[in-house]
>>> print(open('work_26.txt').read())   # compact mmCIF, C-alpha atoms
# COMPACT_ATOMS: atom_id res chain seq x y z
CA MET Y 1 7.25 -54.18 -29.02
CA THR Y 2 8.49 -51.49 -26.64
CA THR Y 3 9.27 -47.83 -27.22
CA CYS Y 4 12.91 -46.87 -26.71
CA LEU Y 5 14.48 -43.43 -26.40
CA GLY Y 6 17.88 -42.87 -27.93
CA TYR Y 7 20.09 -40.39 -29.74
CA GLY Y 8 20.42 -40.63 -33.50
CA ALA Y 9 20.79 -38.81 -36.80
CA ILE Y 10 18.02 -38.49 -39.36
CA GLU Y 11 20.31 -37.63 -42.30
CA ALA Y 12 24.00 -37.42 -43.18
CA HIS Y 13 25.98 -34.87 -41.15
CA ALA Y 14 22.90 -33.95 -39.13
CA PRO Y 15 23.57 -33.52 -35.40
CA LEU Y 16 22.50 -36.38 -33.18
CA LYS Y 17 19.32 -35.62 -31.26
CA PRO Y 18 16.73 -37.50 -29.17
CA LEU Y 19 14.75 -40.08 -31.14
CA SER Y 20 12.05 -42.56 -30.18
CA PHE Y 21 11.89 -45.93 -31.92
CA GLU Y 22 10.55 -49.44 -31.35
CA ARG Y 23 12.49 -52.40 -29.98
CA ARG Y 24 11.16 -55.85 -30.84
CA ALA Y 25 9.33 -58.00 -28.32
CA LEU Y 26 11.45 -60.77 -26.80
CA ARG Y 27 11.82 -63.92 -28.87
CA ASP Y 28 12.38 -67.20 -27.04
CA ASP Y 29 16.19 -66.89 -27.09
CA ASP Y 30 16.41 -63.12 -26.54
CA VAL Y 31 17.92 -61.12 -23.70
CA ALA Y 32 16.68 -57.61 -22.86
CA ILE Y 33 19.35 -55.25 -21.51
CA GLU Y 34 19.09 -51.89 -19.74
CA ILE Y 35 22.09 -49.96 -21.03
CA ALA Y 36 24.35 -48.31 -18.46
CA TYR Y 37 27.31 -47.25 -20.61
CA CYS Y 38 28.13 -47.10 -24.30
CA GLY Y 39 31.52 -46.39 -25.81
CA VAL Y 40 31.96 -44.00 -28.73
CA CYS Y 41 33.77 -45.41 -31.78
CA HIS Y 42 35.13 -43.62 -34.85
CA SER Y 43 32.87 -45.81 -36.97
CA ASP Y 44 29.85 -44.28 -35.16
CA MET Y 45 30.89 -40.93 -36.60
CA HIS Y 46 31.51 -42.41 -40.06
CA TYR Y 47 28.02 -43.91 -40.16
CA VAL Y 48 26.36 -40.71 -38.93
CA HIS Y 49 28.19 -38.80 -41.66
CA ASN Y 50 27.44 -41.55 -44.22
CA ASP Y 51 31.13 -41.59 -45.13
CA TRP Y 52 30.81 -45.14 -46.48
CA ASN Y 53 27.58 -44.47 -48.42
CA SER Y 54 25.81 -47.30 -46.62
CA THR Y 55 23.95 -45.65 -43.73
CA ARG Y 56 20.28 -46.38 -43.19
CA PHE Y 57 18.64 -43.34 -41.64
CA PRO Y 58 17.56 -42.72 -38.98
CA CYS Y 59 20.82 -44.06 -37.52
CA VAL Y 60 21.18 -44.77 -33.80
CA PRO Y 61 24.88 -45.68 -33.30
CA GLY Y 62 26.70 -47.51 -30.53
CA HIS Y 63 28.29 -50.96 -30.41
CA GLU Y 64 30.29 -50.85 -27.17
CA ILE Y 65 27.41 -51.61 -24.83
CA VAL Y 66 27.43 -52.51 -21.14
CA GLY Y 67 24.35 -52.96 -19.01
CA GLN Y 68 22.17 -55.22 -16.91
CA VAL Y 69 19.77 -57.96 -17.95
CA SER Y 70 16.18 -56.78 -17.45
CA ALA Y 71 14.29 -59.75 -18.97
CA VAL Y 72 14.96 -63.04 -20.76
CA GLY Y 73 13.04 -65.23 -23.19
CA PRO Y 74 11.84 -68.67 -22.10
CA ALA Y 75 14.65 -70.51 -23.92
CA VAL Y 76 17.49 -68.47 -22.42
CA THR Y 77 19.83 -70.49 -20.19
CA ARG Y 78 23.03 -68.45 -19.86
CA TYR Y 79 21.71 -65.28 -18.25
CA LYS Y 80 19.20 -64.15 -15.65
CA VAL Y 81 17.69 -60.83 -14.66
CA GLY Y 82 20.28 -58.67 -12.91
CA ASP Y 83 23.37 -60.10 -14.63
CA ARG Y 84 25.97 -57.61 -15.84
CA VAL Y 85 26.45 -58.13 -19.57
CA ALA Y 86 27.91 -56.57 -22.69
CA VAL Y 87 27.19 -56.44 -26.42
CA GLY Y 88 29.76 -55.60 -29.07
CA CYS Y 89 29.74 -55.00 -32.81
CA LEU Y 90 27.38 -57.78 -33.87
CA VAL Y 91 24.06 -59.17 -32.70
CA ASP Y 92 23.52 -62.17 -35.00
CA SER Y 93 24.95 -64.46 -37.67
CA CYS Y 94 23.82 -67.64 -39.41
CA GLN Y 95 25.43 -69.90 -36.73
CA GLN Y 96 25.77 -72.68 -39.34
CA CYS Y 97 28.61 -71.83 -41.76
CA ALA Y 98 32.25 -72.82 -41.30
CA ALA Y 99 33.18 -69.39 -39.91
CA CYS Y 100 30.39 -69.43 -37.32
CA GLU Y 101 31.21 -72.98 -36.28
CA ALA Y 102 34.84 -71.86 -35.79
CA HIS Y 103 33.60 -69.01 -33.52
CA GLU Y 104 34.55 -66.44 -36.16
CA GLU Y 105 31.08 -64.90 -36.43
CA PRO Y 106 32.25 -61.58 -37.97
CA HIS Y 107 33.23 -63.59 -41.05
CA CYS Y 108 29.86 -65.37 -41.38
CA SER Y 109 29.42 -66.48 -45.01
CA GLN Y 110 25.88 -65.07 -44.98
CA GLY Y 111 27.03 -61.82 -43.39
CA MET Y 112 26.92 -60.90 -39.73
CA THR Y 113 24.17 -58.64 -38.40
CA PRO Y 114 25.78 -55.48 -37.01
CA THR Y 115 24.50 -54.01 -33.76
CA TYR Y 116 23.32 -50.93 -35.62
CA ASN Y 117 22.73 -50.05 -39.28
CA GLY Y 118 22.05 -53.70 -40.08
CA LEU Y 119 18.93 -55.69 -40.90
CA ASP Y 120 17.40 -58.17 -38.46
CA ARG Y 121 17.75 -61.68 -39.90
CA ILE Y 122 14.14 -62.57 -39.10
CA SER Y 123 12.06 -59.39 -39.40
CA GLY Y 124 14.23 -57.37 -41.79
CA GLU Y 125 13.96 -54.35 -39.50
CA VAL Y 126 16.89 -51.95 -39.18
CA THR Y 127 19.02 -52.53 -36.09
CA TYR Y 128 19.59 -49.63 -33.68
CA GLY Y 129 22.54 -49.38 -31.34
CA GLY Y 130 23.55 -48.47 -27.83
CA TYR Y 131 23.04 -44.71 -27.72
CA SER Y 132 19.72 -45.66 -26.18
CA GLN Y 133 17.86 -46.84 -23.09
CA HIS Y 134 17.70 -50.55 -23.75
CA LEU Y 135 18.48 -53.32 -26.24
CA VAL Y 136 17.15 -56.74 -27.23
CA VAL Y 137 19.77 -59.27 -28.35
CA ARG Y 138 19.94 -62.95 -29.18
CA GLU Y 139 21.43 -64.82 -26.23
CA GLN Y 140 24.43 -66.20 -28.14
CA PHE Y 141 25.64 -62.65 -28.82
CA VAL Y 142 25.56 -61.46 -25.22
CA LEU Y 143 28.82 -61.45 -23.26
CA ARG Y 144 29.39 -61.86 -19.54
CA VAL Y 145 31.14 -58.98 -17.75
CA PRO Y 146 33.54 -60.41 -15.14
CA GLU Y 147 33.04 -59.17 -11.61
CA ALA Y 148 36.49 -57.57 -11.52
CA LEU Y 149 35.84 -55.36 -14.57
CA ASP Y 150 34.63 -51.81 -14.02
CA SER Y 151 31.50 -51.31 -16.16
CA ARG Y 152 32.50 -47.74 -16.94
CA PHE Y 153 35.58 -48.86 -18.86
CA THR Y 154 34.39 -52.14 -20.34
CA GLY Y 155 32.64 -50.80 -23.44
CA PRO Y 156 35.70 -49.89 -25.54
CA LEU Y 157 37.07 -53.40 -25.05
CA LEU Y 158 34.20 -54.65 -27.23
CA CYS Y 159 35.50 -52.80 -30.31
CA ALA Y 160 38.90 -51.14 -29.88
CA GLY Y 161 40.04 -53.89 -27.52
CA ILE Y 162 38.94 -56.89 -29.58
CA THR Y 163 40.14 -55.28 -32.82
CA VAL Y 164 43.73 -55.45 -31.58
CA TRP Y 165 43.39 -58.49 -29.29
CA THR Y 166 42.51 -60.73 -32.25
CA PRO Y 167 45.76 -60.17 -34.20
CA LEU Y 168 47.83 -60.14 -31.02
CA ARG Y 169 46.55 -63.62 -30.19
CA GLU Y 170 46.49 -64.99 -33.72
CA HIS Y 171 50.09 -63.94 -34.34
CA GLY Y 172 51.38 -65.16 -30.99
CA ALA Y 173 52.32 -61.95 -29.20
CA GLY Y 174 53.88 -62.78 -25.85
CA PRO Y 175 57.21 -63.03 -24.03
CA GLY Y 176 60.05 -62.58 -26.50
CA THR Y 177 57.87 -60.86 -29.12
CA ARG Y 178 59.20 -57.58 -30.47
CA LEU Y 179 55.91 -55.78 -30.98
CA ALA Y 180 55.30 -52.35 -32.44
CA VAL Y 181 52.18 -50.29 -32.98
CA VAL Y 182 51.80 -47.48 -35.50
CA GLY Y 183 49.72 -44.71 -33.93
CA LEU Y 184 48.73 -43.97 -30.34
CA GLY Y 185 44.98 -43.42 -30.43
CA GLY Y 186 42.00 -45.47 -29.34
CA LEU Y 187 43.34 -48.65 -30.94
CA GLY Y 188 47.03 -47.93 -30.42
CA HIS Y 189 46.83 -47.34 -26.70
CA MET Y 190 45.08 -50.72 -26.33
CA VAL Y 191 47.90 -52.42 -28.26
CA VAL Y 192 50.35 -50.98 -25.74
CA LYS Y 193 48.37 -52.05 -22.68
CA LEU Y 194 47.51 -55.53 -23.96
CA GLY Y 195 50.95 -56.11 -25.45
CA VAL Y 196 52.67 -55.29 -22.17
CA ALA Y 197 50.22 -57.50 -20.24
CA LEU Y 198 50.98 -60.37 -22.64
CA GLY Y 199 54.70 -59.97 -21.95
CA ALA Y 200 55.82 -58.49 -25.28
CA GLU Y 201 58.46 -55.80 -25.73
CA VAL Y 202 56.38 -52.88 -27.03
CA THR Y 203 57.41 -49.96 -29.22
CA VAL Y 204 55.15 -47.09 -30.25
CA ILE Y 205 55.81 -45.70 -33.73
CA THR Y 206 54.55 -42.14 -34.04
CA THR Y 207 55.02 -38.96 -36.06
CA SER Y 208 54.65 -36.81 -32.94
CA PRO Y 209 57.54 -36.32 -30.48
CA GLY Y 210 54.97 -35.07 -27.97
CA LYS Y 211 53.44 -38.54 -27.68
CA ALA Y 212 56.61 -40.15 -26.34
CA GLU Y 213 55.80 -39.33 -22.71
CA ASP Y 214 52.22 -40.59 -23.10
CA ALA Y 215 53.43 -43.82 -24.71
CA ARG Y 216 55.80 -44.58 -21.86
CA ALA Y 217 53.17 -43.68 -19.28
CA LEU Y 218 50.92 -46.32 -20.85
CA GLY Y 219 53.71 -48.89 -20.48
CA ALA Y 220 55.54 -48.78 -23.82
CA HIS Y 221 59.19 -49.77 -23.58
CA HIS Y 222 60.35 -47.72 -26.57
CA VAL Y 223 59.21 -44.91 -28.86
CA LEU Y 224 60.25 -44.64 -32.52
CA LEU Y 225 59.74 -41.40 -34.45
CA SER Y 226 58.75 -42.28 -38.01
CA THR Y 227 59.72 -38.74 -39.10
CA ASP Y 228 63.35 -39.38 -38.08
CA PRO Y 229 65.12 -41.07 -41.04
CA GLN Y 230 68.11 -42.14 -38.98
CA ALA Y 231 65.97 -43.66 -36.25
CA MET Y 232 63.90 -45.55 -38.84
CA LYS Y 233 67.04 -46.81 -40.55
CA GLY Y 234 68.44 -47.96 -37.24
CA ALA Y 235 65.23 -49.89 -36.49
CA ALA Y 236 65.25 -51.80 -39.80
CA SER Y 237 64.43 -55.52 -39.51
CA SER Y 238 63.91 -55.27 -35.75
CA PHE Y 239 60.25 -56.22 -35.16
CA ASP Y 240 58.36 -59.50 -35.23
CA LEU Y 241 54.88 -58.00 -35.36
CA ILE Y 242 53.59 -54.51 -36.18
CA LEU Y 243 49.96 -53.45 -35.78
CA ASP Y 244 49.12 -50.49 -38.02
CA THR Y 245 46.21 -48.46 -36.61
CA ILE Y 246 46.26 -45.58 -39.12
CA PRO Y 247 42.61 -45.22 -40.22
CA ARG Y 248 43.13 -43.81 -43.72
CA THR Y 249 45.09 -44.35 -46.94
CA HIS Y 250 48.84 -44.24 -46.27
CA ASN Y 251 52.23 -45.61 -47.26
CA VAL Y 252 53.02 -48.86 -45.43
CA ASN Y 253 56.41 -49.43 -47.08
CA PRO Y 254 58.41 -47.67 -44.32
CA TYR Y 255 56.83 -50.00 -41.76
CA LEU Y 256 57.47 -53.12 -43.82
CA MET Y 257 61.18 -52.28 -43.71
CA LEU Y 258 61.05 -52.52 -39.92
CA LEU Y 259 60.05 -56.20 -39.93
CA GLY Y 260 62.56 -58.96 -39.23
CA ARG Y 261 62.50 -62.49 -40.65
CA HIS Y 262 58.95 -63.80 -41.05
CA GLY Y 263 57.70 -60.52 -39.59
CA LYS Y 264 54.07 -59.53 -40.03
CA LEU Y 265 52.40 -56.17 -40.52
CA VAL Y 266 48.70 -56.29 -39.62
CA LEU Y 267 46.31 -53.54 -40.71
CA VAL Y 268 43.61 -52.82 -38.14
CA GLY Y 269 42.77 -49.23 -39.06
CA ALA Y 270 42.48 -48.50 -42.78
CA LEU Y 271 39.38 -49.83 -44.54
CA GLU Y 272 40.23 -48.22 -47.87
CA PRO Y 273 42.84 -48.54 -50.65
CA LEU Y 274 46.49 -48.27 -49.65
CA GLU Y 275 49.35 -46.65 -51.51
CA PRO Y 276 51.29 -49.13 -53.72
CA ILE Y 277 53.33 -51.73 -51.86
CA HIS Y 278 56.86 -52.57 -53.01
CA GLY Y 279 57.00 -56.32 -53.57
CA ALA Y 280 60.68 -56.56 -52.71
CA LEU Y 281 59.96 -55.43 -49.18
CA LEU Y 282 57.77 -58.49 -48.73
CA ALA Y 283 60.26 -60.87 -50.33
CA ILE Y 284 63.13 -59.64 -48.17
CA ASN Y 285 62.96 -61.34 -44.77
CA ASN Y 286 59.91 -63.30 -45.99
CA ARG Y 287 57.66 -60.58 -44.57
CA SER Y 288 53.89 -60.60 -44.87
CA ILE Y 289 51.04 -58.12 -44.63
CA ALA Y 290 47.62 -59.02 -43.27
CA GLY Y 291 44.37 -57.47 -42.16
CA SER Y 292 42.15 -58.08 -39.16
CA LEU Y 293 38.55 -57.10 -38.42
CA ILE Y 294 37.19 -57.67 -34.92
CA GLY Y 295 36.84 -61.06 -33.20
CA GLY Y 296 34.25 -63.72 -32.54
CA LEU Y 297 32.23 -64.13 -29.38
CA THR Y 298 34.57 -66.70 -27.79
CA GLN Y 299 37.60 -64.51 -28.43
CA THR Y 300 35.83 -61.41 -27.08
CA GLN Y 301 34.89 -63.23 -23.87
CA GLU Y 302 38.52 -64.35 -23.58
CA LEU Y 303 39.56 -60.70 -23.85
CA LEU Y 304 37.13 -59.58 -21.14
CA ASP Y 305 38.35 -62.32 -18.82
CA PHE Y 306 42.00 -61.47 -19.51
CA CYS Y 307 41.42 -57.77 -18.86
CA ALA Y 308 39.64 -58.57 -15.60
CA GLU Y 309 42.49 -60.79 -14.43
CA HIS Y 310 45.24 -58.33 -15.39
CA GLN Y 311 43.24 -55.12 -14.82
CA VAL Y 312 43.86 -53.90 -18.35
CA LEU Y 313 41.40 -51.07 -18.92
CA PRO Y 314 41.12 -48.51 -21.71
CA SER Y 315 41.78 -44.88 -20.87
CA CYS Y 316 38.39 -43.18 -21.11
CA GLU Y 317 36.69 -39.83 -20.77
CA MET Y 318 33.11 -40.07 -19.49
CA ILE Y 319 30.50 -37.86 -21.15
CA ASP Y 320 26.75 -37.29 -21.02
CA ILE Y 321 24.68 -38.17 -24.07
CA GLN Y 322 23.89 -34.47 -24.47
CA ASP Y 323 27.59 -33.91 -25.26
CA ILE Y 324 27.82 -36.46 -28.08
CA ASN Y 325 27.98 -33.93 -30.92
CA THR Y 326 30.84 -32.13 -29.21
CA ALA Y 327 32.55 -35.51 -28.71
CA PHE Y 328 32.28 -36.21 -32.46
CA GLU Y 329 33.86 -32.84 -33.21
CA ARG Y 330 36.69 -33.56 -30.81
CA MET Y 331 37.26 -37.02 -32.31
CA GLU Y 332 37.73 -35.39 -35.71
CA ARG Y 333 40.46 -33.25 -34.13
CA ASN Y 334 42.00 -36.27 -32.33
CA ASP Y 335 41.23 -34.45 -29.09
CA VAL Y 336 40.56 -37.42 -26.81
CA LYS Y 337 42.72 -39.70 -24.65
CA TYR Y 338 41.73 -42.23 -25.73
CA ARG Y 339 38.06 -43.16 -25.88
CA PHE Y 340 34.79 -41.47 -25.00
CA VAL Y 341 32.22 -43.43 -23.00
CA ILE Y 342 28.63 -42.24 -22.59
CA ASP Y 343 27.01 -42.53 -19.17
CA MET Y 344 23.55 -43.52 -20.38
CA ALA Y 345 21.98 -42.43 -17.08
CA SER Y 346 22.19 -38.96 -18.64
CA LEU Y 347 19.49 -40.00 -21.12
CA LYS Y 348 16.97 -39.81 -18.27
CA GLY Y 349 17.39 -36.04 -18.35
CA VAL Y 350 16.28 -35.78 -21.98
>>> encode(input="work_26.txt", output="C-alpha cells")
Amino acid sequence: MTTCLGYGAIEAHAPLKPLSFERRALRDDDVAIEIAYCGVCHSDMHYVHNDWNSTRFPCVPGHEIVGQVSAVGPAVTRYKVGDRVAVGCLVDSCQQCAACEAHEEPHCSQGMTPTYNGLDRISGEVTYGGYSQHLVVREQFVLRVPEALDSRFTGPLLCAGITVWTPLREHGAGPGTRLAVVGLGGLGHMVVKLGVALGAEVTVITTSPGKAEDARALGAHHVLLSTDPQAMKGAASSFDLILDTIPRTHNVNPYLMLLGRHGKLVLVGALEPLEPIHGALLAINNRSIAGSLIGGLTQTQELLDFCAEHQVLPSCEMIDIQDINTAFERMERNDVKYRFVIDMASLKGV
C-alpha cells in the first residue's frame, strides 16, 4: 500500500481539507496513475454534503481524472509508464453480466464500483477519488487520452460529456435532427457543442434572456425562452430530441409539448421525483420520455476520440485545490462557465 494525499470531507457539510489515506498495492491488472487534473462535478458537492444520505466519510471526491501512468501490474497490456490516460465515474464492474458484455458497465447487474464513495469489489475498502495525488485502477477502466486532446480540458468529458453523448448517440442526433437542450450549464453547454459537431440544428431552451448571447457564442442556432408563452406556443411540435439537464424536481409537460412525431425527451439531470406528467402529451405525436445515466467504457473512448478529431472541448475555469470550497460555493450559485477543473499540481503546495 502507498500513502496518498488528497482533499476530502470528514462529515456532511464540513469543508474539504487535506487528508492522507492509503491506496492499495498494484494487483496484476492494475494501472497506477499520477493525477494531473480533476474536474469538479455537482455530484461531488452532493456527496460531500450527504444530500443523498449515502456518503461514506471520509469522502475524497473526483471522477473526472486525467493523468499519466506511473506503474503497471504484470498482466497489463494496454498501457505503459508515461501514457496519458483518464478515469471517469467508475473503476470496476462484474465484467460478466449482459450489461457488461454489451459495454454498458454503468448498468452492471451486480452494481458498478464508483470511482469514489464505493466499495472495492475484492477488498471491500472504500474507494477514494481524484482530488488526490495518485490513483490505482483496474486496466479495463482506464481510458486513452488522444494526442490531440488538451489534458486541462479533458476531465469534464468523462462525466458531463459522456452524460449527454450517450443519449445523443443512442437517439441518433446528427444532420437533420432538430435538437434542443433545456438549461445551459455544465451539461447543457456540452449538448450544444457536441450537437453542433454532430451536425444537428441546436436550440437552447432557457428561462434567462441573458443566456441567449452565451448560447449563440457556443454555437447554438436558436434560443427559446421558456418564460415566453407565445414563443413556447410557436415552437410546439418542432423538435425531434430534447435533452433536459435541469438537476431538480420540475414540470416537464411544457417541454413534452415541444416534441414532434416520435419525439423524445431525455432526462439527464434530475435524479429525483418529477412533477406529474400528463399522459395525453405522450400519446399525442407518439412522444416518449426516457432517462440516461453516463456511458460505458467503449462509448466514453468514442467520445474522447470524437472530441479530439473535432476539437470539442468543455469551457473550463482552472482552480487550485486550495480553492475547492470556494468553487463549491460558486457552483451552488451557478457562478461558473461552465466547469471547474483542479490543477492537481497545486496539491504539492499543501
>>> residues_around(input="work_26.txt", residues="Gly279 (chain Y)", least_positions_apart="3", cutoff="12 Å", atoms="only C-alpha atoms", output="list in words")
Val252, Asn253, Leu256, Met257, Pro276, Leu282, Ala283, Ile284, Asn285, Asn286, Arg287, Ser288 and Ile289 of chain Y
>>> closest_residue(input="work_26.txt", among="Y:Thr206, Y:Ser237, Y:Ser151, Y:Thr227", to="Leu313 (chain Y)", atoms="only C-alpha atoms")
Y:Ser151
>>> closest_residue(input="work_26.txt", among="Y:Leu267, Y:Gln133, Y:Glu201, Y:Leu187", to="Ala173 (chain Y)", atoms="only C-alpha atoms")
Y:Glu201
>>> closest_residue(input="work_26.txt", among="Y:Met344, Y:Cys59, Y:Cys100, Y:Val66", to="Asp150 (chain Y)", atoms="all atoms listed in the file")
Y:Val66
>>> closest_residue(input="work_26.txt", among="Y:Tyr131, Y:Tyr37, Y:Phe328, Y:Tyr116", to="Arg84 (chain Y)", atoms="all atoms listed in the file")
Y:Tyr37
>>> residues_near_point(input="work_26.txt", point="(24.0, -35.6, -41.5)", cutoff="12 Å", atoms="only C-alpha atoms", output="PyMOL selection string")
chain Y and resi 8-17+45-51+53+55-59+325
>>> atom_distance(input="work_26.txt", atom1="CA of Met1 (chain Y)", atom2="CA of Asp343 (chain Y)")
25.0 Å
>>> closest_residue(input="work_26.txt", among="Y:His103, Y:Asp228, Y:Val145, Y:His42", to="Arg248 (chain Y)", atoms="all atoms listed in the file")
Y:His42
>>> residues_near_point(input="work_26.txt", point="(59.9, -35.4, -34.5)", cutoff="12 Å", atoms="all atoms listed in the file", output="VMD selection string")
chain Y and resid 205 to 212 223 to 232
>>> residues_around(input="work_26.txt", residues="Gly174 (chain Y)", least_positions_apart="2", cutoff="7 Å", atoms="only C-alpha atoms", output="PyMOL selection string")
chain Y and resi 172+176-177+198-200
>>> axis_aligned_box(input="work_26.txt", around="region 183-189 of chain Y", padding_each_side="8 Å", output="lines of an AutoDock Vina configuration file")
center_x = 45.9
center_y = -46.0
center_z = -30.3
size_x = 23.7
size_y = 21.2
size_z = 23.2
>>> closest_residue(input="work_26.txt", among="Y:Val204, Y:Leu135, Y:Ala75, Y:Leu19", to="Glu34 (chain Y)", atoms="all atoms listed in the file")
Y:Leu135
>>> atom_distance(input="work_26.txt", atom1="CA of Glu213 (chain Y)", atom2="CA of Met318 (chain Y)")
22.9 Å
>>> atom_distance(input="work_26.txt", atom1="CA of Ala197 (chain Y)", atom2="CA of Val85 (chain Y)")
23.8 Å
>>> residues_around(input="work_26.txt", residues="Ala308 (chain Y)", least_positions_apart="4", cutoff="8 Å", atoms="all atoms listed in the file", output="ChimeraX atom specification")
/Y:146-149,304,312
>>> build_atoms(input="work_26.txt", residues="region 185-200 of chain Y", atoms="N, CA, C and O atoms", output="compact mmCIF listing (two decimals), in the coordinates of the input")
# COMPACT_ATOMS: atom_id res chain seq x y z
N GLY Y 185 46.34 -43.91 -30.66
CA GLY Y 185 44.98 -43.42 -30.43
C GLY Y 185 44.17 -44.46 -29.69
O GLY Y 185 44.69 -45.21 -28.86
N GLY Y 186 42.88 -44.53 -30.01
CA GLY Y 186 42.00 -45.47 -29.34
C GLY Y 186 42.44 -46.91 -29.49
O GLY Y 186 42.43 -47.69 -28.54
N LEU Y 187 42.84 -47.30 -30.71
CA LEU Y 187 43.34 -48.65 -30.94
C LEU Y 187 44.77 -48.79 -30.43
O LEU Y 187 45.12 -49.76 -29.75
N GLY Y 188 45.61 -47.82 -30.76
CA GLY Y 188 47.03 -47.93 -30.42
C GLY Y 188 47.30 -48.04 -28.94
O GLY Y 188 48.15 -48.82 -28.50
N HIS Y 189 46.56 -47.28 -28.14
CA HIS Y 189 46.83 -47.34 -26.70
C HIS Y 189 46.44 -48.70 -26.13
O HIS Y 189 47.03 -49.18 -25.17
N MET Y 190 45.44 -49.37 -26.77
CA MET Y 190 45.08 -50.72 -26.33
C MET Y 190 46.14 -51.73 -26.73
O MET Y 190 46.37 -52.72 -26.02
N VAL Y 191 46.79 -51.54 -27.87
CA VAL Y 191 47.90 -52.42 -28.26
C VAL Y 191 49.00 -52.35 -27.21
O VAL Y 191 49.55 -53.38 -26.79
N VAL Y 192 49.30 -51.14 -26.76
CA VAL Y 192 50.35 -50.98 -25.74
C VAL Y 192 49.96 -51.72 -24.46
O VAL Y 192 50.74 -52.53 -23.93
N LYS Y 193 48.77 -51.46 -23.95
CA LYS Y 193 48.37 -52.05 -22.68
C LYS Y 193 48.27 -53.57 -22.76
O LYS Y 193 48.75 -54.29 -21.87
N LEU Y 194 47.66 -54.08 -23.83
CA LEU Y 194 47.51 -55.53 -23.96
C LEU Y 194 48.84 -56.18 -24.27
O LEU Y 194 49.15 -57.27 -23.75
N GLY Y 195 49.65 -55.55 -25.12
CA GLY Y 195 50.95 -56.11 -25.45
C GLY Y 195 51.84 -56.26 -24.24
O GLY Y 195 52.49 -57.29 -24.04
N VAL Y 196 51.87 -55.23 -23.40
CA VAL Y 196 52.67 -55.29 -22.17
C VAL Y 196 52.13 -56.39 -21.25
O VAL Y 196 52.90 -57.16 -20.67
N ALA Y 197 50.81 -56.47 -21.11
CA ALA Y 197 50.22 -57.50 -20.24
C ALA Y 197 50.51 -58.91 -20.74
O ALA Y 197 50.63 -59.85 -19.94
N LEU Y 198 50.64 -59.06 -22.06
CA LEU Y 198 50.98 -60.37 -22.64
C LEU Y 198 52.46 -60.70 -22.53
O LEU Y 198 52.87 -61.83 -22.79
N GLY Y 199 53.27 -59.72 -22.14
CA GLY Y 199 54.70 -59.97 -21.95
C GLY Y 199 55.58 -59.58 -23.11
O GLY Y 199 56.79 -59.87 -23.11
N ALA Y 200 55.04 -58.89 -24.12
CA ALA Y 200 55.82 -58.49 -25.28
C ALA Y 200 56.66 -57.25 -24.97
O ALA Y 200 56.37 -56.50 -24.04
